[in-house]
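Undergrad: The structure follows.
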Amino acid sequence: MPRNKTFKSAAEELIPPRPTLSSLKSAAANCQACDLWKTGTQTVFGEGARRVKVMFVGEQPGNEEDLSGRPFVGPAGRLLDDALEAAGIDRKQTYVTNVVKHFKWEPRGKRRIHKKPNSLEIGACRPWLEAEIALIKPDVIVALGATAAQSLLGPQFRVTKQRGEFIPSTLAPYVMATVHPSSILRAPDDETRHLESRRFIDDLKKLAKVIK
Ligand code: URA
Ligand code: SF4
């Protein structure tokens with residue numbers, strides 16, 4: 001059947017007919033559906049096994065992810081790993097990805113500072129995330145932070161009010177949003193950081209229960 005190109009974004013056009021995780025990843029490596037490919041080092045696609053129960057969706061790769069090409073390998077990823085362990089969730093049971101697959105940044109001195117993706121970039125990148133969800137069909141999707149939460153659950157969603165709750169959604173049997181691990185790293189003092197880590201682990205424990 002001829003596909004109606006009018007309603008397809010550039011990313012959708014790249015998705016192979018019967019994708020696998022690796023063919024998706026290769027296709028995404030050539031994506032130019034928004035301008036972020038120009039300044040990012042490479043597409044940072046999701047990572048994990050094909051059959052996992054839990055999918056974590058972050059905002060976008062950070063500096064280390066951009067350089068290594070792998071999601072959640074920097075400071076936020078290390079915090080996530082530790083929290084998963086504390087909640088008794090095997091990292092091998094998870095797939096990690098992002099709403100936007102290229103690092104958006106602005107220079108500050110010699111450093112590259114994270115810049116929030118806008119709705120055009122989020123929309124342009126969405127076919128990749130949808131394809132990942134369709135392929136993996138996770139039992140649980142966890143949005144990390146407001147960008148992922150609002151992209152998956154709607155612009156009215158407030159992480160501050162609804163974190164850690166399972167929200168009815170057609171995306172997966174269980175969908176939850178919680179804070180982004182980077183926000184914990186930015187806590188103003190040790191005590192707050194400790195407290196926020198505990199709350200984050202408590203949220204992860206709720207999903208540990210439903211996958212057991
Ligand atoms: N923050 C994210 O949202 N995603 C990553 O992959 C790394 C840091
Ligand atoms: Fe494509 Fe997403 Fe990268 Fe934009 S951010 S170029 S849509 S992979």
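Scheme for the structure tokens: letters A, B, ... for chains in order shown; per-chain residue numbers from 1; ligand numbers from 1 in order shown.
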Applying 12 Å and only C-alpha atoms, which residues near Ile167 in chain A remain after dropping the ones on its own chain fewer than 2 positions away? List them as number ranges by chain.
TA: A: 140-143, 149, 152-154, 157-159, 162-165, 169-178
Undergrad: Please identify every polymer residue within 7 Å of ligand 2, using only C-alpha atoms and all ligand atoms, and present the set as a list in words.
TA: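 So, counting only C-alpha atoms and all ligand atoms, the residues near ligand 2 are Ala11, Ala28, Cys31, Gln32, Ala33, Cys34, Asp35, Leu36, Trp37, Thr43, Val100, Lys101, His102, Glu121, Ala124 and Cys125 of chain A.
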Undergrad: Since we have the selection now, will you write its residues out, keeping all heavy atoms, as a compact mmCIF listing (two decimals), in the first residue's frame?
TA:
# COMPACT_ATOMS: atom_id res chain seq x y z
N ALA A 11 11.72 11.16 10.41
CA ALA A 11 12.16 10.00 11.19
C ALA A 11 11.33 8.78 10.81
O ALA A 11 11.87 7.68 10.64
CB ALA A 11 12.06 10.29 12.68
N ALA A 28 18.39 5.00 12.87
CA ALA A 28 18.40 6.25 13.64
C ALA A 28 19.75 6.96 13.55
O ALA A 28 19.83 8.18 13.72
CB ALA A 28 18.03 5.98 15.10
N CYS A 31 19.52 9.75 11.17
CA CYS A 31 18.38 10.66 11.28
C CYS A 31 18.82 12.13 11.24
O CYS A 31 19.77 12.53 11.91
CB CYS A 31 17.61 10.37 12.56
SG CYS A 31 16.11 11.37 12.70
N GLN A 32 18.08 12.89 10.44
CA GLN A 32 18.28 14.35 10.38
C GLN A 32 16.93 15.05 10.47
O GLN A 32 16.72 16.10 9.84
CB GLN A 32 19.01 14.73 9.08
CG GLN A 32 20.36 14.04 8.93
CD GLN A 32 21.13 14.46 7.68
OE1 GLN A 32 20.58 15.07 6.77
NE2 GLN A 32 22.42 14.15 7.67
N ALA A 33 16.02 14.43 11.22
CA ALA A 33 14.64 14.93 11.26
C ALA A 33 14.48 16.25 12.02
O ALA A 33 13.46 16.90 11.92
CB ALA A 33 13.73 13.87 11.87
N CYS A 34 15.46 16.60 12.81
CA CYS A 34 15.49 17.96 13.38
C CYS A 34 16.93 18.42 13.33
O CYS A 34 17.81 17.67 12.89
CB CYS A 34 14.93 17.97 14.82
SG CYS A 34 16.06 17.31 16.06
N ASP A 35 17.19 19.63 13.79
CA ASP A 35 18.55 20.17 13.63
C ASP A 35 19.59 19.64 14.61
O ASP A 35 20.78 19.93 14.48
CB ASP A 35 18.51 21.70 13.78
CG ASP A 35 18.01 22.37 12.50
OD1 ASP A 35 18.02 21.69 11.45
OD2 ASP A 35 17.60 23.54 12.56
N LEU A 36 19.15 18.85 15.59
CA LEU A 36 20.09 18.46 16.64
C LEU A 36 21.22 17.55 16.15
O LEU A 36 22.27 17.47 16.78
CB LEU A 36 19.35 17.83 17.82
CG LEU A 36 18.41 18.79 18.56
CD1 LEU A 36 17.76 18.09 19.75
CD2 LEU A 36 19.15 20.03 19.03
N TRP A 37 21.03 16.88 15.03
CA TRP A 37 22.10 16.02 14.51
C TRP A 37 23.33 16.84 14.14
O TRP A 37 24.45 16.34 14.12
CB TRP A 37 21.62 15.22 13.29
CG TRP A 37 21.35 16.06 12.08
CD1 TRP A 37 20.20 16.71 11.78
CD2 TRP A 37 22.27 16.35 11.02
NE1 TRP A 37 20.32 17.40 10.60
CE2 TRP A 37 21.59 17.20 10.11
CE3 TRP A 37 23.59 15.98 10.74
CZ2 TRP A 37 22.19 17.69 8.94
CZ3 TRP A 37 24.18 16.48 9.58
CH2 TRP A 37 23.49 17.32 8.69
N THR A 43 23.81 9.91 17.10
CA THR A 43 22.52 9.52 17.66
C THR A 43 22.79 8.56 18.82
O THR A 43 23.57 7.62 18.68
CB THR A 43 21.67 8.77 16.61
OG1 THR A 43 21.60 9.57 15.44
CG2 THR A 43 20.27 8.49 17.13
N VAL A 100 14.45 12.33 23.22
CA VAL A 100 15.22 12.93 22.12
C VAL A 100 16.58 12.23 22.07
O VAL A 100 17.20 12.00 23.11
CB VAL A 100 15.37 14.46 22.36
CG1 VAL A 100 16.46 15.07 21.49
CG2 VAL A 100 14.04 15.16 22.10
N LYS A 101 17.01 11.88 20.88
CA LYS A 101 18.18 11.01 20.75
C LYS A 101 19.50 11.74 20.45
O LYS A 101 20.54 11.10 20.27
CB LYS A 101 17.92 9.97 19.66
CG LYS A 101 17.38 8.63 20.15
CD LYS A 101 16.00 8.56 20.56
CE LYS A 101 15.50 7.16 20.83
NZ LYS A 101 14.28 7.20 21.64
N HIS A 102 19.46 13.03 20.32
CA HIS A 102 20.71 13.78 20.19
C HIS A 102 20.88 14.75 21.36
O HIS A 102 19.90 15.27 21.88
CB HIS A 102 20.73 14.59 18.87
CG HIS A 102 21.30 13.84 17.70
ND1 HIS A 102 20.51 13.21 16.77
CD2 HIS A 102 22.58 13.63 17.31
CE1 HIS A 102 21.29 12.64 15.85
NE2 HIS A 102 22.55 12.88 16.15
N GLU A 121 11.56 19.47 18.42
CA GLU A 121 12.57 18.40 18.46
C GLU A 121 11.97 17.13 19.07
O GLU A 121 12.21 16.02 18.59
CB GLU A 121 13.79 18.89 19.27
CG GLU A 121 14.54 20.00 18.54
CD GLU A 121 15.21 21.03 19.44
OE1 GLU A 121 15.03 20.98 20.68
OE2 GLU A 121 15.92 21.89 18.89
N ALA A 124 9.73 15.59 16.47
CA ALA A 124 10.49 15.02 15.36
C ALA A 124 11.09 13.67 15.74
O ALA A 124 11.20 12.76 14.92
CB ALA A 124 11.59 15.99 14.93
N CYS A 125 11.47 13.54 16.99
CA CYS A 125 12.15 12.33 17.45
C CYS A 125 11.18 11.23 17.90
O CYS A 125 11.57 10.09 18.10
CB CYS A 125 13.11 12.69 18.59
SG CYS A 125 14.60 11.69 18.60
Undergrad: Please identify which residues in range 31-194 of chain A DSSP calls helix (DSSP H, G or I) from the backbone, and express them as a PyMOL selection string.
TA: chain A and resi 36-39+63-68+75-87+91-93+119-136+145-153+159-162+181-185+190-194
Undergrad: A:Leu21, A:Val44, A:Leu195, A:Ile122: which is nearest ligand 1, counting only C-alpha atoms and all ligand atoms?
TA: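 Comparing A:Leu21, A:Val44, A:Leu195, A:Ile122 against ligand 1, the winner is A:Val44.
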Undergrad: Give me the residues near Val96 in chain A as a PyMOL selection string, where near means some atom within 6 Å (using only C-alpha atoms) and where sequence neighbours in that chain fewer than 2 positions away do not count.
TA: chain A and resi 46-47+55-56
Undergrad: Around ligand 1, out to 6 Å and counting only C-alpha atoms and all ligand atoms, which residues are there? I want them as a list of chain:residue names.
TA: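 The residues near ligand 1 are A:Gly58, A:Glu59, A:Gln60, A:Pro61, A:Gly62, A:Glu65, A:Pro71, A:Phe72, A:Ala76, A:Asn98.
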Undergrad: Between A:Ala208, A:Leu79, A:Ile133, A:Ile184, which has the minimum distance to Tyr95 in chain A (counting only C-alpha atoms)?
TA: A:Ile133
Undergrad: I need the residues of range 69-186 of chain A that end up classed as strand (DSSP E) by DSSP on the backbone, written out as a list in words.
TA: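 Going through range 69-186 of chain A, the strand (DSSP E) residues come out as Thr94, Tyr95, Val96, Thr97, Asn98, Trp105, Glu106, Pro107, Arg108, Arg111, Arg112, Ile113, His114, Val140, Ile141, Val142, Ala143, Leu144, Tyr174, Val175, Met176, Ala177 and Thr178 of chain A.
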Undergrad: Convert the current residue selection to file output with C-alpha atoms, as a PDB file, in the first residue's frame.
TA:
ATOM      1  CA  THR A  94      15.500  -2.861  31.799  1.00  0.00           C
ATOM      2  CA  TYR A  95      15.754  -0.903  28.587  1.00  0.00           C
ATOM      3  CA  VAL A  96      16.864   2.719  28.787  1.00  0.00           C
ATOM      4  CA  THR A  97      16.182   5.348  26.197  1.00  0.00           C
ATOM      5  CA  ASN A  98      15.374   9.025  25.751  1.00  0.00           C
ATOM      6  CA  TRP A 105      23.823  21.860  24.301  1.00  0.00           C
ATOM      7  CA  GLU A 106      25.200  25.346  24.398  1.00  0.00           C
ATOM      8  CA  PRO A 107      28.807  26.332  25.024  1.00  0.00           C
ATOM      9  CA  ARG A 108      29.807  27.761  28.372  1.00  0.00           C
ATOM     10  CA  ARG A 111      32.042  23.068  28.590  1.00  0.00           C
ATOM     11  CA  ARG A 112      28.925  21.990  26.802  1.00  0.00           C
ATOM     12  CA  ILE A 113      25.884  22.791  28.907  1.00  0.00           C
ATOM     13  CA  HIS A 114      22.662  20.797  28.566  1.00  0.00           C
ATOM     14  CA  VAL A 140       6.170  -0.895  32.756  1.00  0.00           C
ATOM     15  CA  ILE A 141       7.284   2.436  31.317  1.00  0.00           C
ATOM     16  CA  VAL A 142       8.923   4.909  33.658  1.00  0.00           C
ATOM     17  CA  ALA A 143       9.268   8.506  32.538  1.00  0.00           C
ATOM     18  CA  LEU A 144      12.224  10.215  34.180  1.00  0.00           C
ATOM     19  CA  TYR A 174       1.847   0.245  33.951  1.00  0.00           C
ATOM     20  CA  VAL A 175       3.127   3.752  33.353  1.00  0.00           C
ATOM     21  CA  MET A 176       4.740   5.896  36.004  1.00  0.00           C
ATOM     22  CA  ALA A 177       6.707   9.105  36.113  1.00  0.00           C
ATOM     23  CA  THR A 178       9.265  10.130  38.660  1.00  0.00           C
TER      24      THR A 178
END
Undergrad: From the list A:Val52, A:Leu80, A:Ala134, A:Leu120, which residue is nearest Arg18 in chain A when using only C-alpha atoms?
TA: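 Checking each of A:Val52, A:Leu80, A:Ala134, A:Leu120 against Arg18 in chain A, counting only C-alpha atoms, the winner is A:Ala134.
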Undergrad: Suppose you want the space between CA of Ile201 in chain A and CA of Ala83 in chain A; what is it in Å?
TA: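 For CA of Ile201 in chain A relative to CA of Ala83 in chain A, the distance reads 5.4 Å.
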Undergrad: Smallest atom-to-atom distance to Ser151 in chain A: which of A:Val57, A:Glu85, A:Asp66, A:Asp139, using only C-alpha atoms?
TA: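 Under the stated criterion, the closest residue is A:Val57.
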Undergrad: Near Ser182 in chain A, within 9 Å and counting only C-alpha atoms, which residues show up once chain neighbours fewer than 3 positions away are dropped, as a list in words?
TA: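 Neighbouring residues, sequence-local ones excluded: Pro75, Ala76, Gly77, Leu79, Gly145, Val179, Leu185, Arg186 and Ala187 of chain A.
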Undergrad: So the first atom is CA of Glu132 in chain A and the second is CA of Asp203 in chain A; what is the distance between them in Å, to one decimal place?
TA: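 If I compute the distance from CA of Glu132 in chain A to CA of Asp203 in chain A, I get 23.3 Å.
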